[in-house]
Amino acid sequence: MRVKLLIAYDGTNFHGFARQNNLRTVQGELEACLSRVTASPVLIHGSGRTDAGVHARQQVVHWDQEHGPPVEKYPYVLRRILPPDLIAIQAEEATDQFHSRFSAVGKTYRYTFQTAAVADIFTHRFTCHSPGRLDLQKMREAACHLVGTHDFTSFCAASTPVEDKIRTIFDISVKESGSYVSLYVTGNGFLQNMVRIIAGTLLMVGQGKLTEQQVIKSIQACDRRTAGWTAPPSGLALWQVYYEESNLWLAVKQGFE
């Protein structure tokens, strides 16, 4: 039986999603708890890897098992033994053809800045504090140039091992709510630090430190040194994973609030 599980986590105290020896990770914690529940080793596959300190509102994982509790019971069983910063939301049986990573047609990440003079103690773990008003119109105009299929070499970590850096961004929405400015970036795949660099670049546009034309030149340059800074992981969250194109485009059309 293949089980599909939806989880969420506060990534502050995790060294990322992927299992690492002697380090606390989402995959490591979840596999340990699932192995207890099923009384056998469990190896999970995630829709993607989030870096250390990055959160997830909706992360999707799957695994194959020969025995265990009824699938629909997994969220209730896991909530009793998972740590408080990792939550099981929903489980269902999946077909053998389903793969949490390779079946996905798109993902949305959210990056949030707080622009108040003083950081809110209740939200600082999930935001990047950047005091001062931002020019949202300029940010939106610059973001339009990032939408589409491009070589995103300028917008990924210089150490990224992947050779093919061509990705497609379907939409970037810039939304404001009180002292919070959130970027919703939806695409077919993302490179290491890609959303954080996009967020840092658009922040600098909003601050007047970069222009729309400089963003265009950065895309064309394929040189990491030409784009903005890498925003910290605290403001980033994997927001949604899509397995049907109709759901992806509905989310883009309706917005993400």
# chains A, B, ... in the order shown; residues from 1 in each chain; ligands from 1

call {"tool": "select_by_dssp", "arguments": {"residues": "range 41-257 of chain A", "states": "alpha helix (DSSP H)", "output": "ChimeraX atom specification"}}
result
/A:74-79,136-144,194-206,212-221,245-254

call {"tool": "closest_atom_pairs", "arguments": {"of": "range 144-257 of chain A", "to": "range 106-125 of chain A", "cutoff": "9 Å", "atoms": "only C-alpha atoms", "output": "tab-separated table"}}
result
residue	atom	partner	partner_atom	distance
A:Phe170	CA	A:Gly106	CA	8.8
A:Gly178	CA	A:Ala116	CA	8.9
A:Ser179	CA	A:Thr115	CA	5.2
A:Tyr180	CA	A:Gln114	CA	4.5
A:Val181	CA	A:Phe113	CA	5.2
A:Ser182	CA	A:Thr112	CA	4.2
A:Leu183	CA	A:Tyr111	CA	5.1
A:Tyr184	CA	A:Arg110	CA	4.5
A:Val185	CA	A:Tyr109	CA	5.3
A:Thr186	CA	A:Thr108	CA	4.2
A:Gly187	CA	A:Gly106	CA	5.5
A:Asn188	CA	A:Gly106	CA	4.3
A:Gly189	CA	A:Gly106	CA	6.7
A:Phe190	CA	A:Lys107	CA	8.7
A:Val195	CA	A:Tyr109	CA	7.4
A:Arg196	CA	A:Tyr111	CA	7.5
A:Ala199	CA	A:Tyr111	CA	6.7
A:Leu203	CA	A:Phe113	CA	8.6
A:Pro233	CA	A:Tyr111	CA	8.9
A:Ser234	CA	A:Arg125	CA	5.8
A:Gly235	CA	A:Thr112	CA	5.0
A:Leu236	CA	A:Tyr111	CA	4.5
A:Ala237	CA	A:Arg110	CA	5.3
A:Leu238	CA	A:Tyr109	CA	4.6
A:Trp239	CA	A:Tyr109	CA	4.9
A:Gln240	CA	A:Thr108	CA	5.1
A:Val241	CA	A:Lys107	CA	4.5
A:Tyr242	CA	A:Gly106	CA	5.2
A:Tyr243	CA	A:Gly106	CA	7.2
A:Glu244	CA	A:Gly106	CA	8.6
A:Glu245	CA	A:Gly106	CA	7.9
A:Leu248	CA	A:Gly106	CA	6.8

call {"tool": "write_last_selection", "arguments": {"atoms": "C-alpha atoms", "output": "PDB file, in the first residue's frame"}}
result
ATOM      1  CA  PHE A 170       3.906  30.759 -13.474  1.00  0.00           C
ATOM      2  CA  GLY A 178      -0.962  45.573   7.659  1.00  0.00           C
ATOM      3  CA  SER A 179       2.794  45.638   8.253  1.00  0.00           C
ATOM      4  CA  TYR A 180       3.335  42.353   6.380  1.00  0.00           C
ATOM      5  CA  VAL A 181       4.313  42.028   2.719  1.00  0.00           C
ATOM      6  CA  SER A 182       4.134  38.514   1.278  1.00  0.00           C
ATOM      7  CA  LEU A 183       5.425  37.177  -2.032  1.00  0.00           C
ATOM      8  CA  TYR A 184       3.697  34.085  -3.428  1.00  0.00           C
ATOM      9  CA  VAL A 185       5.971  32.460  -6.012  1.00  0.00           C
ATOM     10  CA  THR A 186       4.461  29.630  -8.066  1.00  0.00           C
ATOM     11  CA  GLY A 187       6.507  27.529 -10.458  1.00  0.00           C
ATOM     12  CA  ASN A 188       7.222  24.092 -11.849  1.00  0.00           C
ATOM     13  CA  GLY A 189      10.404  23.672  -9.828  1.00  0.00           C
ATOM     14  CA  PHE A 190      12.922  25.633  -7.787  1.00  0.00           C
ATOM     15  CA  VAL A 195      12.870  31.904  -3.822  1.00  0.00           C
ATOM     16  CA  ARG A 196      14.989  33.494  -1.108  1.00  0.00           C
ATOM     17  CA  ALA A 199      12.583  37.697  -2.371  1.00  0.00           C
ATOM     18  CA  LEU A 203      12.892  43.634  -1.443  1.00  0.00           C
ATOM     19  CA  PRO A 233      15.134  31.251   5.725  1.00  0.00           C
ATOM     20  CA  SER A 234      12.784  32.383   8.507  1.00  0.00           C
ATOM     21  CA  GLY A 235      10.453  34.176   6.081  1.00  0.00           C
ATOM     22  CA  LEU A 236      10.060  31.264   3.664  1.00  0.00           C
ATOM     23  CA  ALA A 237       7.398  28.563   3.684  1.00  0.00           C
ATOM     24  CA  LEU A 238       6.417  25.858   1.236  1.00  0.00           C
ATOM     25  CA  TRP A 239       2.819  26.945   0.826  1.00  0.00           C
ATOM     26  CA  GLN A 240       1.160  24.429  -1.490  1.00  0.00           C
ATOM     27  CA  VAL A 241       1.986  21.489  -3.763  1.00  0.00           C
ATOM     28  CA  TYR A 242      -0.190  20.798  -6.811  1.00  0.00           C
ATOM     29  CA  TYR A 243      -0.872  17.456  -8.483  1.00  0.00           C
ATOM     30  CA  GLU A 244      -3.594  18.674 -10.849  1.00  0.00           C
ATOM     31  CA  GLU A 245      -3.005  21.562 -13.244  1.00  0.00           C
ATOM     32  CA  LEU A 248      -2.653  25.078  -9.757  1.00  0.00           C
TER      33      LEU A 248
END

call {"tool": "residues_around", "arguments": {"residues": "Met194 in chain A", "least_positions_apart": "3", "cutoff": "7 Å", "atoms": "only C-alpha atoms", "output": "ChimeraX atom specification"}}
result
/A:155-156,190-191,197-198

call {"tool": "select_by_dssp", "arguments": {"residues": "range 111-239 of chain A", "states": "strand (DSSP E)", "output": "VMD selection string"}}
result
chain A and resid 111 to 114 128 to 129 148 to 151 166 to 177 180 to 187 236 to 239

call {"tool": "closest_residue", "arguments": {"among": "A:Ser218, A:Glu163, A:Thr201, A:Arg36", "to": "Arg80 in chain A", "atoms": "only C-alpha atoms"}}
result
A:Arg36

call {"tool": "atom_distance", "arguments": {"atom1": "CA of Ala8 in chain A", "atom2": "CA of His55 in chain A"}}
result
7.7 Å

call {"tool": "residues_around", "arguments": {"residues": "Arg225 in chain A", "least_positions_apart": "3", "cutoff": "12 Å", "atoms": "only C-alpha atoms", "output": "list of chain:residue names"}}
result
A:Thr153, A:Ser154, A:Phe155, A:Cys156, A:Ala157, A:Ala158, A:Ile197, A:Thr201, A:Gln214, A:Val215, A:Lys217, A:Ser218, A:Ile219, A:Ala221, A:Cys222, A:Gly228, A:Trp229, A:Thr230

call {"tool": "write_last_selection", "arguments": {"atoms": "N, CA, C and O atoms", "output": "short mmCIF file (atom, residue, chain, number, x, y, z; two decimals), in the first residue's frame"}}
result
data_model
loop_
_atom_site.label_atom_id
_atom_site.label_comp_id
_atom_site.auth_asym_id
_atom_site.auth_seq_id
_atom_site.Cartn_x
_atom_site.Cartn_y
_atom_site.Cartn_z
N THR A 153 20.18 31.09 -13.25
CA THR A 153 21.51 31.02 -12.65
C THR A 153 21.78 32.18 -11.70
O THR A 153 22.40 32.02 -10.65
N SER A 154 21.30 33.36 -12.05
CA SER A 154 21.51 34.54 -11.20
C SER A 154 20.72 34.47 -9.90
O SER A 154 21.01 35.21 -8.96
N PHE A 155 19.73 33.57 -9.87
CA PHE A 155 18.82 33.52 -8.73
C PHE A 155 18.89 32.18 -7.99
O PHE A 155 17.88 31.71 -7.47
N CYS A 156 20.05 31.59 -7.96
CA CYS A 156 20.24 30.38 -7.15
C CYS A 156 21.63 30.43 -6.53
O CYS A 156 22.49 31.20 -6.96
N ALA A 157 21.83 29.62 -5.51
CA ALA A 157 23.12 29.59 -4.84
C ALA A 157 24.23 29.24 -5.83
O ALA A 157 24.05 28.38 -6.70
N ALA A 158 25.37 29.90 -5.70
CA ALA A 158 26.48 29.66 -6.61
C ALA A 158 26.96 28.21 -6.54
O ALA A 158 27.52 27.69 -7.51
N ILE A 197 16.39 34.26 -2.95
CA ILE A 197 17.11 35.27 -3.73
C ILE A 197 16.13 36.16 -4.49
O ILE A 197 16.31 37.38 -4.58
N THR A 201 15.90 40.10 -3.83
CA THR A 201 16.01 41.02 -4.97
C THR A 201 14.82 41.96 -5.03
O THR A 201 14.98 43.18 -5.20
N GLN A 214 17.62 46.71 -13.75
CA GLN A 214 18.70 45.89 -13.20
C GLN A 214 18.26 44.45 -13.02
O GLN A 214 19.05 43.52 -13.19
N VAL A 215 16.98 44.23 -12.67
CA VAL A 215 16.46 42.88 -12.55
C VAL A 215 16.46 42.19 -13.91
O VAL A 215 16.85 41.02 -14.04
N LYS A 217 18.44 42.85 -16.44
CA LYS A 217 19.84 42.56 -16.78
C LYS A 217 20.37 41.37 -15.99
O LYS A 217 21.18 40.59 -16.49
N SER A 218 19.90 41.22 -14.75
CA SER A 218 20.35 40.12 -13.92
C SER A 218 19.88 38.78 -14.49
O SER A 218 20.64 37.80 -14.51
N ILE A 219 18.65 38.73 -14.96
CA ILE A 219 18.14 37.51 -15.58
C ILE A 219 19.00 37.14 -16.79
O ILE A 219 19.38 35.99 -16.98
N ALA A 221 22.09 38.03 -17.42
CA ALA A 221 23.51 37.86 -17.12
C ALA A 221 23.88 36.44 -16.72
O ALA A 221 25.01 36.00 -16.93
N CYS A 222 22.95 35.71 -16.10
CA CYS A 222 23.24 34.36 -15.60
C CYS A 222 24.47 34.39 -14.70
O CYS A 222 25.39 33.58 -14.82
N GLY A 228 20.02 40.30 -6.21
CA GLY A 228 20.00 40.81 -4.84
C GLY A 228 20.47 39.79 -3.82
O GLY A 228 20.93 38.70 -4.16
N TRP A 229 20.29 40.16 -2.56
CA TRP A 229 20.78 39.32 -1.47
C TRP A 229 19.89 38.09 -1.26
O TRP A 229 18.76 38.04 -1.75
N THR A 230 20.42 37.14 -0.54
CA THR A 230 19.64 35.94 -0.19
C THR A 230 18.91 36.21 1.11
O THR A 230 19.53 36.30 2.18
#

call {"tool": "closest_atom_pairs", "arguments": {"of": "range 5-56 of chain A", "to": "range 65-71 of chain A", "cutoff": "10 Å", "atoms": "only C-alpha atoms", "output": "Markdown table"}}
result
| residue | atom | partner | partner_atom | distance |
| --- | --- | --- | --- | --- |
| A:Leu5 | CA | A:Val71 | CA | 9.1 |
| A:Leu34 | CA | A:Gly68 | CA | 9.2 |
| A:Ser35 | CA | A:Gly68 | CA | 9.7 |
| A:Val37 | CA | A:Gly68 | CA | 7.0 |
| A:Thr38 | CA | A:Gly68 | CA | 4.8 |
| A:Ala39 | CA | A:Gly68 | CA | 8.1 |
| A:Ser40 | CA | A:Gln65 | CA | 8.8 |
| A:Pro41 | CA | A:Gln65 | CA | 9.2 |
| A:Val42 | CA | A:Gln65 | CA | 7.6 |
| A:Leu43 | CA | A:Gln65 | CA | 9.4 |

call {"tool": "write_last_selection", "arguments": {"atoms": "N, CA, C and O atoms", "output": "PDB file, in the first residue's frame"}}
result
ATOM      1  N   LEU A   5       0.745  11.441   2.680  1.00  0.00           N
ATOM      2  CA  LEU A   5       0.526  12.178   3.923  1.00  0.00           C
ATOM      3  C   LEU A   5       0.848  13.654   3.720  1.00  0.00           C
ATOM      4  O   LEU A   5       1.884  14.005   3.145  1.00  0.00           O
ATOM      5  N   LEU A  34       7.055   7.010  12.269  1.00  0.00           N
ATOM      6  CA  LEU A  34       6.330   6.044  11.450  1.00  0.00           C
ATOM      7  C   LEU A  34       6.846   4.625  11.678  1.00  0.00           C
ATOM      8  O   LEU A  34       6.063   3.664  11.675  1.00  0.00           O
ATOM      9  N   SER A  35       8.128   4.489  11.902  1.00  0.00           N
ATOM     10  CA  SER A  35       8.690   3.162  12.173  1.00  0.00           C
ATOM     11  C   SER A  35       8.159   2.614  13.494  1.00  0.00           C
ATOM     12  O   SER A  35       7.932   1.401  13.629  1.00  0.00           O
ATOM     13  N   VAL A  37       5.160   3.353  14.699  1.00  0.00           N
ATOM     14  CA  VAL A  37       3.747   3.049  14.470  1.00  0.00           C
ATOM     15  C   VAL A  37       3.569   1.734  13.716  1.00  0.00           C
ATOM     16  O   VAL A  37       2.682   0.930  14.028  1.00  0.00           O
ATOM     17  N   THR A  38       4.416   1.501  12.729  1.00  0.00           N
ATOM     18  CA  THR A  38       4.272   0.317  11.880  1.00  0.00           C
ATOM     19  C   THR A  38       5.108  -0.866  12.355  1.00  0.00           C
ATOM     20  O   THR A  38       4.994  -1.961  11.810  1.00  0.00           O
ATOM     21  N   ALA A  39       5.978  -0.621  13.336  1.00  0.00           N
ATOM     22  CA  ALA A  39       6.879  -1.668  13.852  1.00  0.00           C
ATOM     23  C   ALA A  39       7.788  -2.222  12.755  1.00  0.00           C
ATOM     24  O   ALA A  39       8.138  -3.404  12.759  1.00  0.00           O
ATOM     25  N   SER A  40       8.154  -1.367  11.796  1.00  0.00           N
ATOM     26  CA  SER A  40       9.066  -1.756  10.721  1.00  0.00           C
ATOM     27  C   SER A  40       9.688  -0.489  10.150  1.00  0.00           C
ATOM     28  O   SER A  40       9.116   0.602  10.266  1.00  0.00           O
ATOM     29  N   PRO A  41      10.867  -0.603   9.519  1.00  0.00           N
ATOM     30  CA  PRO A  41      11.520   0.582   8.949  1.00  0.00           C
ATOM     31  C   PRO A  41      10.651   1.247   7.877  1.00  0.00           C
ATOM     32  O   PRO A  41      10.038   0.563   7.051  1.00  0.00           O
ATOM     33  N   VAL A  42      10.592   2.579   7.910  1.00  0.00           N
ATOM     34  CA  VAL A  42       9.830   3.341   6.921  1.00  0.00           C
ATOM     35  C   VAL A  42      10.742   4.383   6.292  1.00  0.00           C
ATOM     36  O   VAL A  42      11.421   5.134   7.000  1.00  0.00           O
ATOM     37  N   LEU A  43      10.765   4.419   4.978  1.00  0.00           N
ATOM     38  CA  LEU A  43      11.516   5.422   4.236  1.00  0.00           C
ATOM     39  C   LEU A  43      10.520   6.282   3.456  1.00  0.00           C
ATOM     40  O   LEU A  43       9.773   5.761   2.636  1.00  0.00           O
TER      41      LEU A  43
END

call {"tool": "residues_around", "arguments": {"residues": "Asp96 in chain A", "least_positions_apart": "4", "cutoff": "9 Å", "atoms": "only C-alpha atoms", "output": "CSV table (one decimal) with N, CA, C and O atoms, in the first residue's frame"}}
result
chain,number,residue,atom,x,y,z
A,1,MET,N,0.8,-1.2,0.0
A,1,MET,CA,0.0,0.0,0.0
A,1,MET,C,0.9,1.2,0.0
A,1,MET,O,1.9,1.3,0.7
A,2,ARG,N,0.5,2.2,-0.8
A,2,ARG,CA,1.2,3.5,-0.8
A,2,ARG,C,0.4,4.5,-0.1
A,2,ARG,O,-0.8,4.7,-0.4
A,64,ASP,N,5.7,3.4,1.1
A,64,ASP,CA,5.0,2.1,0.9
A,64,ASP,C,5.1,1.2,2.1
A,64,ASP,O,6.2,1.2,2.8

call {"tool": "closest_residue", "arguments": {"among": "A:Ser173, A:Thr226, A:Gln27, A:Thr168", "to": "Glu141 in chain A", "atoms": "only C-alpha atoms"}}
result
A:Ser173

call {"tool": "atom_distance", "arguments": {"atom1": "CA of Asp171 in chain A", "atom2": "CA of Thr149 in chain A"}}
result
11.1 Å

call {"tool": "closest_residue", "arguments": {"among": "A:Ala88, A:Asp164, A:Thr12, A:Thr50", "to": "Thr127 in chain A", "atoms": "only C-alpha atoms"}}
result
A:Thr12

call {"tool": "atom_distance", "arguments": {"atom1": "CA of Gln207 in chain A", "atom2": "CA of Asp223 in chain A"}}
result
22.1 Å

call {"tool": "residues_around", "arguments": {"residues": "Gly208 in chain A", "least_positions_apart": "6", "cutoff": "10 Å", "atoms": "only C-alpha atoms", "output": "list of chain:residue names"}}
result
A:Leu134, A:Asp135, A:Lys138, A:Met139, A:Leu202

call {"tool": "residues_around", "arguments": {"residues": "range 18-20 of chain A", "least_positions_apart": "6", "cutoff": "9 Å", "atoms": "only C-alpha atoms", "output": "MDAnalysis selection string"}}
result
chainID A and resid 26:29 46 48:51

call {"tool": "write_last_selection", "arguments": {"atoms": "C-alpha atoms", "output": "mmCIF file, in the first residue's frame"}}
result
data_model
loop_
_atom_site.group_PDB
_atom_site.id
_atom_site.type_symbol
_atom_site.label_atom_id
_atom_site.label_comp_id
_atom_site.auth_asym_id
_atom_site.auth_seq_id
_atom_site.Cartn_x
_atom_site.Cartn_y
_atom_site.Cartn_z
ATOM 1 C CA VAL A 26 11.885 16.621 9.268
ATOM 2 C CA GLN A 27 12.452 13.384 7.367
ATOM 3 C CA GLY A 28 14.404 11.861 10.244
ATOM 4 C CA GLU A 29 11.764 12.726 12.857
ATOM 5 C CA GLY A 46 8.949 14.232 -0.013
ATOM 6 C CA GLY A 48 10.857 18.577 -2.268
ATOM 7 C CA ARG A 49 13.628 19.480 0.144
ATOM 8 C CA THR A 50 13.336 22.588 2.272
ATOM 9 C CA ASP A 51 16.531 24.098 3.670
#

call {"tool": "closest_residue", "arguments": {"among": "A:Pro75, A:Pro232, A:Gly53, A:Gly206", "to": "Pro131 in chain A", "atoms": "only C-alpha atoms"}}
result
A:Gly206
